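structure.tsv (TSV, C-alpha atoms) appears below.
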```tsv
chain	number	residue	atom	x	y	z
A	1	MET	CA	-1.81	-7.03	-39.26
A	2	THR	CA	-4.23	-7.90	-36.49
A	3	ASP	CA	-7.42	-9.90	-36.50
A	4	PRO	CA	-10.41	-7.95	-35.09
A	5	ASN	CA	-12.15	-11.26	-34.38
A	6	ILE	CA	-9.57	-12.24	-31.76
A	7	PRO	CA	-11.11	-11.65	-28.30
A	8	VAL	CA	-9.62	-8.71	-26.43
A	9	THR	CA	-7.68	-9.75	-23.32
A	10	GLU	CA	-7.67	-7.99	-19.95
A	11	ASP	CA	-4.02	-7.03	-20.49
A	12	GLU	CA	-5.02	-5.33	-23.74
A	13	LEU	CA	-7.78	-3.44	-21.94
A	14	HIS	CA	-5.27	-2.21	-19.33
A	15	ALA	CA	-2.82	-1.28	-22.08
A	16	TYR	CA	-5.61	0.61	-23.85
A	17	VAL	CA	-6.34	2.63	-20.71
A	18	ASP	CA	-2.62	3.32	-20.21
A	19	ASN	CA	-2.14	4.34	-23.88
A	20	GLU	CA	0.38	1.50	-24.29
A	21	LEU	CA	-1.61	-0.54	-26.83
A	22	PRO	CA	-0.03	-0.92	-30.29
A	23	ALA	CA	-1.68	1.47	-32.75
A	24	GLU	CA	-2.69	-1.36	-35.08
A	25	ARG	CA	-4.73	-3.03	-32.35
A	26	ARG	CA	-6.39	0.09	-30.93
A	27	GLY	CA	-9.22	0.14	-33.48
A	28	ASP	CA	-9.99	-3.52	-32.79
A	29	VAL	CA	-10.22	-2.85	-29.05
A	30	GLU	CA	-12.51	0.14	-29.57
A	31	ALA	CA	-14.75	-1.96	-31.80
A	32	TRP	CA	-14.81	-4.66	-29.15
A	33	LEU	CA	-15.79	-2.16	-26.44
A	34	ALA	CA	-18.62	-0.85	-28.60
A	35	THR	CA	-20.22	-4.30	-28.53
A	36	HIS	CA	-19.21	-5.43	-25.03
A	37	PRO	CA	-20.76	-3.04	-22.48
A	38	ASP	CA	-19.34	-4.89	-19.46
A	39	ASP	CA	-15.78	-4.42	-20.67
A	40	ALA	CA	-16.56	-0.82	-21.63
A	41	ALA	CA	-17.78	-0.17	-18.08
A	42	ARG	CA	-14.60	-1.69	-16.64
A	43	VAL	CA	-12.45	0.51	-18.86
A	44	GLN	CA	-14.42	3.58	-17.80
A	45	SER	CA	-14.00	2.70	-14.11
A	46	TRP	CA	-10.24	2.15	-14.54
A	47	ARG	CA	-9.89	5.52	-16.24
A	48	ALA	CA	-11.82	7.24	-13.47
A	49	MET	CA	-9.62	5.54	-10.88
A	50	ALA	CA	-6.46	6.54	-12.74
A	51	GLU	CA	-7.60	10.16	-12.92
A	52	THR	CA	-8.30	10.17	-9.19
A	53	LEU	CA	-4.92	8.68	-8.36
A	54	HIS	CA	-3.07	11.05	-10.67
A	55	ALA	CA	-4.87	14.06	-9.21
A	56	ARG	CA	-3.98	12.96	-5.69
A	57	TYR	CA	-0.43	11.67	-6.11
A	58	ASP	CA	1.19	13.16	-9.22
A	59	GLY	CA	2.84	15.79	-7.02
A	60	VAL	CA	4.95	13.03	-5.50
A	61	LEU	CA	6.61	12.41	-8.86
A	62	ASP	CA	8.02	15.95	-8.90
A	63	GLU	CA	9.47	15.79	-5.41
A	64	ALA	CA	13.22	15.59	-5.00
A	65	VAL	CA	14.65	12.24	-3.92
A	66	PRO	CA	14.94	12.31	-0.11
A	67	LYS	CA	18.51	12.57	1.15
A	68	ARG	CA	18.15	9.28	2.99
A	69	LEU	CA	17.38	7.49	-0.33
A	70	GLU	CA	20.30	8.90	-2.34
A	71	LEU	CA	22.28	5.97	-3.72
A	72	GLU	CA	25.69	7.26	-2.61
A	73	ARG	CA	24.48	7.72	0.94
A	74	LEU	CA	22.90	4.26	1.09
A	75	VAL	CA	26.08	2.66	-0.23
A	76	ARG	CA	28.29	4.66	2.10
A	77	GLN	CA	26.32	4.08	5.29
A	78	PRO	CA	24.56	1.11	6.90
A	79	ARG	CA	20.78	1.17	7.20
A	80	ARG	CA	20.84	1.81	10.97
A	81	TRP	CA	22.88	5.01	10.45
A	82	VAL	CA	20.46	6.27	7.82
A	83	TYR	CA	17.54	6.10	10.23
A	84	GLY	CA	19.54	7.89	12.92
A	85	ALA	CA	20.36	10.68	10.50
A	86	VAL	CA	16.70	11.40	9.78
A	87	ALA	CA	15.54	11.34	13.40
A	88	ALA	CA	15.42	15.13	13.58
A	89	THR	CA	13.45	15.36	10.34
A	90	LEU	CA	10.96	12.74	11.45
A	91	ALA	CA	10.42	14.55	14.74
A	92	ALA	CA	9.22	17.56	12.78
A	93	PHE	CA	6.23	15.70	11.36
A	94	ILE	CA	5.26	13.56	14.34
A	95	ALA	CA	1.95	14.98	15.54
A	96	GLY	CA	0.46	13.61	18.74
A	97	GLY	CA	1.08	10.50	20.75
A	98	GLY	CA	-1.93	8.29	20.03
A	99	VAL	CA	-5.67	8.22	19.51
A	100	GLY	CA	-6.90	6.96	22.82
A	101	TRP	CA	-5.90	3.31	22.65
A	102	ILE	CA	-3.32	2.70	25.36
A	103	ALA	CA	-2.07	-0.82	24.74
A	104	ARG	CA	-0.79	-3.29	27.30
A	105	GLY	CA	2.84	-2.35	27.92
A	106	ALA	CA	5.60	0.15	27.34
A	107	THR	CA	5.61	2.89	24.74
A	108	ALA	CA	7.43	2.32	21.47
A	109	ALA	CA	11.12	3.01	21.33
A	110	PRO	CA	11.69	5.95	18.97
A	111	SER	CA	13.88	3.84	16.65
A	112	THR	CA	11.13	1.24	16.23
A	113	PHE	CA	8.49	3.87	15.51
A	114	GLN	CA	10.74	5.75	13.10
A	115	SER	CA	12.02	2.77	11.12
A	116	PHE	CA	8.62	1.11	10.72
A	117	THR	CA	6.80	4.33	9.85
A	118	LEU	CA	9.41	5.39	7.30
A	119	ASP	CA	9.37	1.99	5.59
A	120	ALA	CA	5.57	1.85	5.57
A	121	LEU	CA	5.17	5.36	4.15
A	122	ASP	CA	7.80	4.69	1.49
A	123	ALA	CA	5.94	1.54	0.40
A	124	HIS	CA	2.59	3.32	0.51
A	125	ARG	CA	3.76	6.20	-1.67
A	126	LEU	CA	5.45	3.83	-4.12
A	127	TYR	CA	2.54	1.47	-4.74
A	128	VAL	CA	-0.68	3.49	-4.34
A	129	VAL	CA	0.01	5.27	-7.63
A	130	GLU	CA	0.17	1.99	-9.54
A	131	VAL	CA	-2.89	1.19	-11.66
A	132	ARG	CA	-1.92	-2.10	-13.30
A	133	HIS	CA	0.51	-3.60	-10.78
A	134	PRO	CA	-0.17	-2.26	-7.28
A	135	VAL	CA	0.10	-5.75	-5.70
A	136	GLU	CA	1.65	-9.18	-6.28
A	137	VAL	CA	-1.39	-11.24	-5.30
A	138	PRO	CA	-4.90	-9.84	-6.02
A	139	GLY	CA	-7.59	-9.56	-3.38
A	140	SER	CA	-9.66	-12.14	-5.24
A	141	GLU	CA	-7.13	-14.70	-3.93
A	142	ARG	CA	-7.49	-13.68	-0.27
A	143	ASP	CA	-6.98	-17.18	1.16
A	144	HIS	CA	-3.82	-17.78	-0.88
A	145	LEU	CA	-2.54	-14.30	-0.05
A	146	GLN	CA	-2.98	-14.84	3.70
A	147	GLN	CA	-1.40	-18.30	3.62
A	148	TRP	CA	1.56	-17.12	1.53
A	149	LEU	CA	2.31	-14.07	3.70
A	150	THR	CA	1.85	-16.08	6.90
A	151	LYS	CA	4.36	-18.67	5.70
A	152	ARG	CA	6.91	-16.12	4.53
A	153	CYS	CA	6.57	-13.67	7.43
A	154	GLY	CA	6.33	-16.12	10.32
A	155	TRP	CA	3.18	-14.85	12.02
A	156	ASP	CA	-0.53	-15.14	11.30
A	157	VAL	CA	-1.18	-12.55	8.57
A	158	ARG	CA	-4.88	-11.76	8.13
A	159	ALA	CA	-6.43	-9.38	5.62
A	160	PRO	CA	-9.19	-7.68	7.64
A	161	ASP	CA	-12.64	-6.97	6.20
A	162	LEU	CA	-12.94	-3.18	6.18
A	163	THR	CA	-16.37	-1.64	5.67
A	164	GLY	CA	-16.50	0.48	2.53
A	165	LEU	CA	-13.06	-0.67	1.37
A	166	LYS	CA	-12.19	-3.43	-1.09
A	167	LEU	CA	-9.06	-5.54	-0.67
A	168	VAL	CA	-6.92	-4.78	-3.75
A	169	GLY	CA	-4.37	-7.40	-2.71
A	170	GLY	CA	-0.95	-7.60	-1.15
A	171	ARG	CA	2.74	-8.21	-1.54
A	172	LEU	CA	5.82	-9.30	0.41
A	173	LEU	CA	8.34	-6.57	1.28
A	174	PRO	CA	11.64	-6.34	3.15
A	175	GLY	CA	11.10	-4.94	6.65
A	176	PRO	CA	13.42	-3.33	9.21
A	177	SER	CA	14.49	-6.72	10.59
A	178	GLY	CA	12.99	-9.30	8.22
A	179	PRO	CA	10.05	-9.80	5.86
A	180	ALA	CA	7.02	-7.50	6.00
A	181	SER	CA	3.48	-7.97	4.73
A	182	PHE	CA	1.80	-5.20	2.75
A	183	LEU	CA	-1.95	-5.09	2.09
A	184	MET	CA	-3.77	-2.49	0.01
A	185	TYR	CA	-7.43	-1.42	0.23
A	186	GLU	CA	-9.44	0.92	-1.98
A	187	SER	CA	-12.71	2.83	-1.65
A	188	THR	CA	-15.25	3.25	-4.45
A	189	SER	CA	-13.85	6.75	-5.01
A	190	GLY	CA	-10.32	5.41	-5.56
A	191	GLU	CA	-8.93	6.40	-2.14
A	192	ARG	CA	-6.31	3.88	-1.05
A	193	PHE	CA	-5.10	2.70	2.35
A	194	THR	CA	-2.29	0.27	3.10
A	195	VAL	CA	-1.55	-1.99	6.07
A	196	TYR	CA	2.13	-2.76	6.67
A	197	THR	CA	3.16	-5.32	9.30
A	198	ALA	CA	6.51	-6.73	10.39
A	199	LYS	CA	8.04	-8.30	13.47
A	200	ALA	CA	9.11	-5.88	16.20
A	201	LYS	CA	11.03	-6.29	19.45
A	202	THR	CA	8.51	-4.07	21.23
A	203	GLU	CA	5.75	-6.19	22.75
A	204	ALA	CA	3.02	-3.52	23.00
A	205	THR	CA	2.70	0.19	22.31
A	206	GLN	CA	0.17	2.95	22.20
A	207	MET	CA	-0.87	4.17	18.77
A	208	ARG	CA	1.18	7.02	17.32
A	209	TYR	CA	0.49	9.28	14.36
A	210	ALA	CA	2.89	10.71	11.78
A	211	ALA	CA	2.34	12.76	8.62
A	212	GLN	CA	4.65	13.33	5.70
A	213	GLY	CA	3.62	15.44	2.72
A	214	SER	CA	0.17	14.31	1.56
A	215	ASP	CA	0.29	11.04	3.51
A	216	GLY	CA	-0.39	10.06	7.10
A	217	ALA	CA	0.31	6.92	9.11
A	218	LEU	CA	-0.76	5.35	12.39
A	219	PHE	CA	1.67	2.97	14.11
A	220	TRP	CA	1.19	0.50	16.94
A	221	ALA	CA	2.68	-2.81	18.03
A	222	ASP	CA	1.33	-5.82	19.87
A	223	ARG	CA	2.48	-9.40	20.51
A	224	GLY	CA	5.80	-8.79	18.79
A	225	VAL	CA	4.29	-7.46	15.55
A	226	ALA	CA	4.22	-3.81	14.46
A	227	TYR	CA	1.41	-2.36	12.34
A	228	VAL	CA	1.35	0.80	10.24
A	229	VAL	CA	-1.86	1.89	8.51
A	230	SER	CA	-1.15	4.58	5.89
A	231	GLY	CA	-3.45	6.82	3.88
A	232	GLY	CA	-4.20	10.49	3.32
A	233	THR	CA	-3.71	13.22	5.91
A	234	ASP	CA	-7.39	13.19	6.93
A	235	ARG	CA	-6.60	11.96	10.41
A	236	THR	CA	-10.20	11.23	11.32
A	237	ARG	CA	-10.67	8.96	8.30
A	238	LEU	CA	-7.28	7.32	8.81
A	239	THR	CA	-8.13	6.66	12.45
A	240	GLN	CA	-11.40	5.00	11.48
A	241	VAL	CA	-9.57	2.62	9.16
A	242	ALA	CA	-6.78	1.94	11.66
A	243	GLN	CA	-9.30	1.27	14.43
A	244	ALA	CA	-11.12	-1.24	12.23
A	245	VAL	CA	-7.81	-3.01	11.54
A	246	TYR	CA	-6.88	-2.89	15.23
A	247	ASP	CA	-10.24	-4.27	16.36
A	248	GLN	CA	-10.05	-7.21	13.96
A	249	MET	CA	-6.46	-8.00	14.91
A	250	GLU	CA	-7.53	-8.05	18.58
A	251	LYS	CA	-10.53	-10.23	17.80
A	252	ASN	CA	-8.37	-12.71	15.90
A	253	GLY	CA	-5.61	-12.65	18.51
A	254	GLY	CA	-3.14	-10.52	16.59
```

Transcribe the structure of this file into structure tokens.
Amino acid sequence: MTDPNIPVTEDELHAYVDNELPAERRGDVEAWLATHPDDAARVQSWRAMAETLHARYDGVLDEAVPKRLELERLVRQPRRWVYGAVAATLAAFIAGGGVGWIARGATAAPSTFQSFTLDALDAHRLYVVEVRHPVEVPGSERDHLQQWLTKRCGWDVRAPDLTGLKLVGGRLLPGPSGPASFLMYESTSGERFTVYTAKAKTEATQMRYAAQGSDGALFWADRGVAYVVSGGTDRTRLTQVAQAVYDQMEKNGG
């Protein structure tokens, strides 16, 4: 038995949206929403967001596991070999060599571009579909998030302010040669962008674009740190977001 007078928690609201709430508590939650318009509005917005994300990304769930991610292959071969094996595949979806920002220094070595872009796109595709747990630290804790990632990653990690996009939050990920920071942003329509950064041997590169399936990414490196901004395949929109990130990184000194 449940007590309808017990206040409904945020976890219960999320479970209600996800159809994971115990049947005996569902009526209590619906009664609560009928008398708490603010919570009802939040539930409605979460449902709208979920529908948008499902419409955009559900196709990913039906895709076959990429050869490079098959367990037997990963166990059999070291990580460096895996990236070499997919070089030809990656070349097929690399489109263009930049968007007009020629940075100070040499162009990216193909292995750096490939490994960072593949890792960033994998993380993007994995987490943008999450409704309840897309990040470890929410955007409401921006200061803590930046301090935590800076300490763990070893460089000054800043979550840029992006016009029209809200910081969902971030998480710590393994990168090609150490820890990587991962930040997620979201528009009012539910469109999500991610910013992946990790240390790179390349000092400076021009920006390079890659697309894979329904996702696109822009890569560049500066001051020993590589950046990958991922989103949809609307290259104009993705470039706008990446340029905003780039400009703020330059303003803050990387």

For this session: Counting only C-alpha atoms, figure out which residue out of A:Leu121, A:Val29, A:Ala48, A:Leu183 gets nearest to Ser214 of chain A.
Result: A:Leu121

For this session: Please work out which residues fall within 6 Å of (-12.9, -3.5, -21.0), coordinates as given in the file, with all atoms listed in the file counting, and return them as a list in words.
Result: Leu13, Asp39, Ala40, Arg42 and Val43 of chain A

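For the choices A:Leu162, A:Pro22, A:Gly169, A:Gly216, the atom-to-atom distance to Glu141 of chain A is smallest for A:Gly169 when using only C-alpha atoms.
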
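Nearest-residue note for Trp46 of chain A: choosing from A:Leu167, A:Ala198, A:Leu145, A:Val17, the minimum distance belongs to A:Val17, counting only C-alpha atoms.
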
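Comparing the minimum interatomic distances between His124 of chain A and each of A:Asp18, A:Asp161, A:Glu10, A:Asp215, counting only C-alpha atoms, we find that A:Asp215 sits nearest.
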
Exercise. Skipping near chain neighbours, those fewer than 3 positions away, what residues fall within 10 Å of Pro174 of chain A using only C-alpha atoms, listed as a count of residues only?
Worked result: 9

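With distances restricted to all atoms listed in the file, A:Pro176 is the closest residue to Leu118 of chain A from A:Pro176, A:Leu238, A:Ala15, A:Ala204.
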
For this session: Record the distance separating atom CA of Thr188 of chain A and atom CA of Lys166 of chain A, expressed in Å with one decimal.
Result: 8.1 Å

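Pairwise distance (atom CA of Trp155 of chain A, atom CA of Lys199 of chain A) equals 8.3 Å.
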
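Note that the spacing between atom CA of Gly213 of chain A and atom CA of Leu126 of chain A amounts to 13.6 Å.
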
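Nearest residue to Gly232 of chain A, choosing from A:Val128, A:Leu149, A:Ala200, A:Val8 and counting all atoms listed in the file: A:Val128.
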
Exercise. Any idea what's packed within 10 Å of Thr163 of chain A, counting all atoms listed in the file, ignoring anything in its chain fewer than 3 positions away? Could you give it as a ChimeraX atom specification?
Worked result: /A:160,166,187,241,244
